[in-house]
Structures are given as structure tokens and as C-alpha cells.
file upload29.txt (compact mmCIF, C-alpha atoms and all ligand atoms)
# COMPACT_ATOMS: atom_id res chain seq x y z
CA MET A 4 -1.84 -12.80 -17.39
CA LEU A 5 0.45 -10.11 -15.97
CA THR A 6 -2.47 -8.72 -13.95
CA GLN A 7 -3.24 -12.13 -12.49
CA ALA A 8 0.44 -12.64 -11.61
CA SER A 9 0.64 -9.14 -10.10
CA LYS A 10 -2.41 -9.77 -7.93
CA PHE A 11 -0.97 -13.09 -6.79
CA LEU A 12 2.36 -11.44 -5.94
CA SER A 13 0.49 -8.72 -4.01
CA LEU A 14 -1.39 -11.36 -2.06
CA LEU A 15 1.81 -13.22 -1.17
CA LEU A 16 3.92 -10.16 -0.30
CA ARG A 17 1.26 -8.11 1.47
CA HIS A 18 -1.25 -10.45 3.02
CA ASP A 19 -0.68 -14.19 2.94
CA PRO A 20 2.83 -15.54 2.22
CA GLY A 21 1.76 -18.69 4.04
CA ALA A 22 -0.60 -19.51 1.16
CA ILE A 23 2.37 -21.18 -0.54
CA GLY A 24 4.57 -21.65 2.54
CA LEU A 25 6.65 -18.57 1.71
CA GLU A 26 8.55 -16.80 4.48
CA LEU A 27 9.17 -13.05 4.49
CA SER A 28 11.95 -11.30 6.38
CA SER A 29 10.89 -8.87 9.11
CA GLU A 30 11.32 -6.11 6.53
CA GLY A 31 8.93 -7.85 4.15
CA TRP A 32 11.44 -9.32 1.67
CA ALA A 33 10.80 -12.65 -0.06
CA SER A 34 13.56 -14.59 -1.72
CA VAL A 35 13.10 -14.74 -5.50
CA ALA A 36 14.46 -18.31 -5.48
CA ASP A 37 11.80 -19.31 -2.91
CA LEU A 38 9.03 -17.73 -4.97
CA ILE A 39 10.15 -19.68 -8.03
CA ARG A 40 10.52 -22.97 -6.13
CA LEU A 41 7.21 -22.70 -4.26
CA THR A 42 5.10 -21.80 -7.31
CA LYS A 43 6.53 -24.39 -9.70
CA GLY A 44 3.63 -26.04 -11.57
CA GLN A 45 1.06 -23.64 -10.05
CA ARG A 46 -1.43 -21.51 -11.98
CA VAL A 47 1.01 -18.62 -11.66
CA ALA A 48 4.54 -20.04 -11.77
CA PHE A 49 7.05 -17.28 -11.08
CA THR A 50 10.30 -17.06 -12.99
CA ARG A 51 13.04 -14.49 -12.53
CA GLU A 52 11.93 -12.85 -15.80
CA LEU A 53 8.27 -12.69 -14.73
CA ILE A 54 9.13 -11.13 -11.36
CA THR A 55 11.42 -8.56 -13.02
CA GLU A 56 8.64 -7.77 -15.50
CA LEU A 57 6.08 -7.32 -12.72
CA VAL A 58 8.39 -4.98 -10.81
CA ARG A 59 9.10 -3.00 -13.99
CA THR A 60 5.54 -2.71 -15.31
CA SER A 61 3.50 -2.18 -12.13
CA ASP A 62 1.63 1.08 -12.74
CA LYS A 63 1.88 2.01 -9.09
CA ARG A 64 5.39 0.61 -8.55
CA ARG A 65 3.90 -1.82 -6.07
CA PHE A 66 7.04 -3.98 -5.83
CA VAL A 67 10.78 -3.46 -5.55
CA LEU A 68 13.75 -5.79 -6.07
CA SER A 69 16.78 -5.69 -3.79
CA ASP A 70 19.97 -4.27 -5.35
CA ASP A 71 21.32 -7.77 -6.00
CA GLY A 72 18.00 -8.90 -7.48
CA GLU A 73 17.68 -11.81 -5.05
CA PHE A 74 14.77 -10.44 -2.98
CA VAL A 75 11.48 -8.73 -3.74
CA ARG A 76 8.99 -6.90 -1.51
CA ALA A 77 5.84 -4.78 -1.72
CA ASN A 78 6.41 -1.04 -1.23
CA GLN A 79 3.20 -0.59 0.82
CA GLY A 80 -0.28 -2.00 1.36
CA HIS A 81 0.57 -4.76 3.84
CA SER A 82 -1.92 -6.28 6.22
CA ILE A 83 0.75 -8.49 7.81
CA LYS A 84 3.17 -6.79 10.15
CA VAL A 85 6.39 -5.79 8.37
CA ASP A 86 8.93 -3.10 9.14
CA LEU A 87 9.50 -1.17 5.92
CA GLY A 88 12.16 0.90 7.67
CA LEU A 89 10.55 4.18 6.61
CA ALA A 90 11.61 7.29 8.52
CA PRO A 91 8.94 9.82 9.51
CA GLN A 92 8.65 12.66 7.00
CA CYS A 93 7.16 16.12 6.94
CA PRO A 94 3.99 15.82 4.83
CA PRO A 95 2.60 18.39 2.41
CA ASP A 96 0.03 20.73 4.02
CA VAL A 97 -2.84 18.82 2.48
CA LEU A 98 -3.31 15.17 1.52
CA TYR A 99 -6.31 13.36 0.04
CA HIS A 100 -8.06 10.11 0.76
CA GLY A 101 -10.33 8.44 -1.77
CA THR A 102 -13.11 6.29 -0.39
CA ALA A 103 -16.64 5.15 -1.19
CA SER A 104 -19.69 7.25 -0.30
CA ARG A 105 -21.13 4.43 1.81
CA PHE A 106 -18.18 4.70 4.25
CA LEU A 107 -18.59 8.43 4.72
CA ASP A 108 -20.83 8.49 7.81
CA SER A 109 -18.60 6.07 9.62
CA ILE A 110 -15.42 7.95 8.64
CA LEU A 111 -16.85 11.31 9.72
CA ALA A 112 -17.86 9.73 13.05
CA ASN A 113 -14.74 7.66 13.76
CA GLY A 114 -11.97 9.17 11.64
CA LEU A 115 -9.94 7.26 9.07
CA LEU A 116 -8.86 3.91 10.44
CA LYS A 117 -6.34 1.56 8.91
CA GLN A 118 -8.81 -1.32 8.85
CA ASP A 119 -6.99 -4.48 7.69
CA ARG A 120 -3.82 -2.70 6.56
CA GLN A 121 -0.80 -1.45 8.50
CA HIS A 122 -1.52 2.22 7.73
CA VAL A 123 -4.13 4.62 6.45
CA HIS A 124 -3.17 5.41 2.82
CA LEU A 125 -3.23 9.02 1.64
CA SER A 126 -2.61 10.50 -1.80
CA ARG A 127 -0.78 13.60 -2.86
CA ASP A 128 -3.30 14.46 -5.57
CA THR A 129 -7.04 14.19 -6.12
CA ASP A 130 -6.76 12.08 -9.30
CA THR A 131 -5.02 9.30 -7.41
CA ALA A 132 -7.48 9.58 -4.52
CA LEU A 133 -10.36 9.29 -6.99
CA ALA A 134 -8.90 6.11 -8.47
CA VAL A 135 -8.42 4.62 -4.99
CA GLY A 136 -12.01 5.52 -4.05
CA ARG A 137 -13.43 3.95 -7.22
CA ARG A 138 -12.09 0.56 -6.16
CA HIS A 139 -14.68 0.56 -3.40
CA GLY A 140 -17.75 2.02 -5.16
CA SER A 141 -19.13 5.50 -5.78
CA PRO A 142 -16.03 7.59 -5.00
CA VAL A 143 -15.71 10.47 -2.55
CA ILE A 144 -12.57 12.49 -1.92
CA LEU A 145 -11.68 13.63 1.58
CA LEU A 146 -9.20 16.35 2.36
CA VAL A 147 -6.81 15.68 5.21
CA ASP A 148 -5.18 18.54 7.13
CA ALA A 149 -1.78 16.85 7.20
CA ARG A 150 -0.08 19.98 8.42
CA GLY A 151 -2.36 20.15 11.44
CA MET A 152 -1.67 16.52 12.26
CA HIS A 153 2.07 16.99 11.79
CA GLU A 154 2.06 20.02 14.09
CA LEU A 155 0.39 17.86 16.72
CA GLY A 156 3.23 15.34 16.41
CA LEU A 157 1.36 12.67 14.47
CA LEU A 158 3.72 10.79 12.18
CA PHE A 159 3.68 10.43 8.40
CA TYR A 160 5.72 8.11 6.21
CA LEU A 161 6.25 8.21 2.45
CA SER A 162 6.43 4.81 0.77
CA GLU A 163 8.95 4.16 -2.00
CA ASN A 164 6.13 4.48 -4.52
CA GLY A 165 4.84 7.82 -3.29
CA VAL A 166 1.94 6.81 -1.04
CA TRP A 167 1.66 8.78 2.22
CA LEU A 168 1.04 6.58 5.24
CA THR A 169 -0.13 7.38 8.74
CA ASP A 170 -1.64 5.47 11.66
CA ALA A 171 -5.05 7.11 11.78
CA VAL A 172 -6.69 10.42 10.89
CA PRO A 173 -8.89 11.91 13.64
CA THR A 174 -12.16 13.43 12.40
CA ARG A 175 -11.20 17.04 13.12
CA PHE A 176 -8.52 16.84 10.40
CA ILE A 177 -10.95 15.54 7.74
CA SER A 178 -13.16 17.59 5.47
CA LYS A 179 -15.13 16.78 2.33
CA VAL A 180 -13.79 18.15 -0.95
C1 LIG A 201 -12.26 2.82 4.58
C2 LIG A 201 -4.41 0.43 -3.32
C3 LIG A 201 -15.53 3.03 7.48
C4 LIG A 201 -11.23 3.51 3.70
C5 LIG A 201 -4.59 1.92 -3.30
C6 LIG A 201 -11.11 2.50 2.56
C7 LIG A 201 -4.07 2.36 -1.97
C8 LIG A 201 -13.40 3.34 6.72
C9 LIG A 201 -11.35 1.16 3.26
C10 LIG A 201 -4.07 1.11 -1.13
C11 LIG A 201 -13.02 3.95 7.94
C12 LIG A 201 -10.08 0.37 3.42
C13 LIG A 201 -5.00 1.26 0.04
C14 LIG A 201 -14.03 4.09 8.93
C15 LIG A 201 -11.30 3.95 6.66
N1 LIG A 201 -15.26 3.62 8.66
N2 LIG A 201 -14.63 2.88 6.49
N3 LIG A 201 -13.79 4.68 10.12
N4 LIG A 201 -11.73 4.32 7.87
N5 LIG A 201 -12.30 3.36 5.96
O1 LIG A 201 -8.20 -1.09 0.43
O2 LIG A 201 -6.95 3.33 1.21
O3 LIG A 201 -3.81 -1.12 -5.96
O4 LIG A 201 -7.57 -1.18 2.90
O5 LIG A 201 -11.70 4.76 3.25
O6 LIG A 201 -3.95 2.54 -4.37
O7 LIG A 201 -8.69 2.10 -0.21
O8 LIG A 201 -3.62 -2.41 -3.84
O9 LIG A 201 -7.46 0.99 1.74
O10 LIG A 201 -12.10 2.71 1.61
O11 LIG A 201 -2.79 2.90 -1.98
O12 LIG A 201 -1.59 -1.38 -4.88
O13 LIG A 201 -11.86 1.47 4.55
O14 LIG A 201 -4.49 0.06 -1.98
O15 LIG A 201 -3.20 0.06 -3.86
O16 LIG A 201 -9.70 -0.10 2.15
O17 LIG A 201 -6.31 1.52 -0.42
P1 LIG A 201 -8.19 -0.44 1.78
P2 LIG A 201 -7.42 2.07 0.56
P3 LIG A 201 -3.06 -1.29 -4.69
call {"tool": "encode", "arguments": {"input": "upload29.txt", "output": "C-alpha cells", "more": "lines below"}}
Ligand code: HQG
result
Amino acid sequence: MLTQASKFLSLLLRHDPGAIGLELSSEGWASVADLIRLTKGQRVAFTRELITELVRTSDKRRFVLSDDGEFVRANQGHSIKVDLGLAPQCPPDVLYHGTASRFLDSILANGLLKQDRQHVHLSRDTDTALAVGRRHGSPVILLVDARGMHELGLLFYLSENGVWLTDAVPTRFISKV
């Protein structure tokens, strides 16, 4: 039940608020009152308690409530354009990207592209990268020379929930683990 509600909240806050006629601010915030009103009687009907529970229990801290508790947004993973207000950060020397083996040829030819999302997502550790890769199939971990990219002036952002984000990773900064 919580998983279904969490997936629905992800869909609304990251990809398709219009599915229920929800409007997000330019920074990606949805009003909790709107979410409750617009999902009344639906398969997942949000309440203040349910939203608080989803924010609290999300294993990856996918969501965050505003200080006054009136607004909620996703910390990362958007396909719709939102300005999360993240300042560029100096990344660790090395970051990892988990993907599926069937994407490897294309990635090694074209680099890592953000596809449907707003950023390429990179992990600090190989365990997380492995879990991300598994979502797509037989997992492969790629090592990203973040330091090299940073030295070239390419920008990195760190989401509130610890995911490293960048626009694209050119092939010369990628190697197989
Ligand atoms: C692949 C989850 C072919 C890329 C996770 C990935 C993450 C290419 C897929 C977050 C490519 C996109 C994001 C290229 C990239 N050719 N394939 N040139 N460049 N790809 O789901 O990074 O659970 O949009 O390797 O924890 O897998 O939703 O990105 O396999 O943080 O909260 O294209 O989603 O978080 O897939 O995952 P995705 P991702 P949540």
C-alpha cells in the first residue's frame, strides 16, 4: 500500500502532475492541500498523515516537506523541468553509475545521457550503483572520472538525498569497473 502510494507520488511530483490536474511551483513543490483535494476518492487518496509517512519512510528519501509542512516535492529524478535550486558542488574524485549490460555499447559510444530525466544520476558507492542498475536488467557498474570532468568545468549537483547529478558524461570519463 505504501509502495503503491509512493510510486503514485513519484509519478505526480516527478513526471506527470497533470494526471490529476495538480500544479507544481517552478521549484517543483506541490501543495499538500491540493494533493489531498485532487485525490479524494481515488485509488490512492492522500491524507496529511499518508504524505508525512511517505516522506518519513522513503528508503531513498525521495520526497521532502517544506518547513511549514504545507508543500512537498521530490528531491531528484524529475523528467519535467523544475529548478531544484541546487548550487554546483565539487564532486568526489570518482562516482559510479549503475546500468544494464544491454545499454553498455551505446553508453560507451555516446556517453551517459540523461534520457527522459533532467540529469544523469551518479552514485557515491558501488552498492547503490548496483541497485540502480538492477532496476533495468543485468547490472553493470561504470566508473566516472568526476574529478576530470570537474577540472574541465563540467558541473555537478548533489541532491538533498545524496544523489550526484550532472548534465552528461562524455565517453572519455567512463570506464568499466
Ligand atoms: C541509460 C532511481 C543507452 C542509463 C535511481 C539508465 C536513480 C543510456 C537509463 C534514479 C545512455 C535511464 C535514476 C546511452 C544513459 N545509451 N542507455 N547513451 N545513457 N543510459 O531510470 O540512472 O528509485 O532514467 O544508464 O535510484 O537508472 O526512482 O536513470 O540505465 O537515482 O527514486 O538510460 O532513479 O531512483 O534510466 O535512475 P533512468 P537511472 P528512484
call {"tool": "residues_near_ligand", "arguments": {"input": "upload29.txt", "ligand": "ligand LIG 201 (chain A)", "cutoff": "7 Å", "atoms": "only C-alpha atoms and all ligand atoms", "output": "PyMOL selection string"}}
result
chain A and resi 63+65+80+100-103+106-107+109-110+113-120+123-125+135-136+139+166
call {"tool": "atom_distance", "arguments": {"input": "upload29.txt", "atom1": "atom CA of A:Leu161", "atom2": "atom CA of A:Glu30"}}
result
15.7 Å
call {"tool": "closest_residue", "arguments": {"input": "upload29.txt", "among": "A:Thr60, A:Thr42, A:Gln121, A:Thr6", "to": "A:His18", "atoms": "all atoms listed in the file"}}
result
A:Gln121
call {"tool": "closest_residue", "arguments": {"input": "upload29.txt", "among": "A:Thr174, A:Ser69, A:Ser13, A:Asn164", "to": "A:Ser34", "atoms": "all atoms listed in the file"}}
result
A:Ser69
call {"tool": "atom_distance", "arguments": {"input": "upload29.txt", "atom1": "atom CA of A:Tyr99", "atom2": "atom CA of A:Val58"}}
result
25.9 Å
call {"tool": "closest_residue", "arguments": {"input": "upload29.txt", "among": "A:Leu12, A:Ala36, A:Met152, A:Val180", "to": "A:Cys93", "atoms": "only C-alpha atoms"}}
result
A:Met152
call {"tool": "closest_residue", "arguments": {"input": "upload29.txt", "among": "A:Leu16, A:Ala149, A:Ala8, A:Ala90", "to": "A:Ala77", "atoms": "all atoms listed in the file"}}
result
A:Leu16
call {"tool": "residues_around", "arguments": {"input": "upload29.txt", "residues": "A:Leu27", "least_positions_apart": "4", "cutoff": "10 Å", "atoms": "only C-alpha atoms", "output": "count of residues only"}}
result
13
call {"tool": "residues_around", "arguments": {"input": "upload29.txt", "residues": "A:Gln7", "least_positions_apart": "5", "cutoff": "12 Å", "atoms": "all atoms listed in the file", "output": "list in words"}}
result
Leu12, Ser13, Leu14, Arg46, Val47, Ala48, Phe49, Leu53 and Leu57 of chain A
call {"tool": "atom_distance", "arguments": {"input": "upload29.txt", "atom1": "atom CA of A:Leu38", "atom2": "atom CA of A:Leu89"}}
result
24.8 Å
call {"tool": "closest_residue", "arguments": {"input": "upload29.txt", "among": "A:Leu158, A:Leu145, A:Val35, A:Val97", "to": "A:Ala171", "atoms": "all atoms listed in the file"}}
result
A:Leu158
call {"tool": "closest_residue", "arguments": {"input": "upload29.txt", "among": "A:Leu5, A:Leu87, A:Leu41, A:Val147", "to": "A:Ala132", "atoms": "only C-alpha atoms"}}
result
A:Val147
call {"tool": "axis_aligned_box", "arguments": {"input": "upload29.txt", "around": "stretch 128-146 of chain A", "padding_each_side": "3 Å", "output": "JSON"}}
result
{"center_x": -11.2, "center_y": 8.5, "center_z": -3.5, "size_x": 21.8, "size_y": 21.8, "size_z": 17.7}
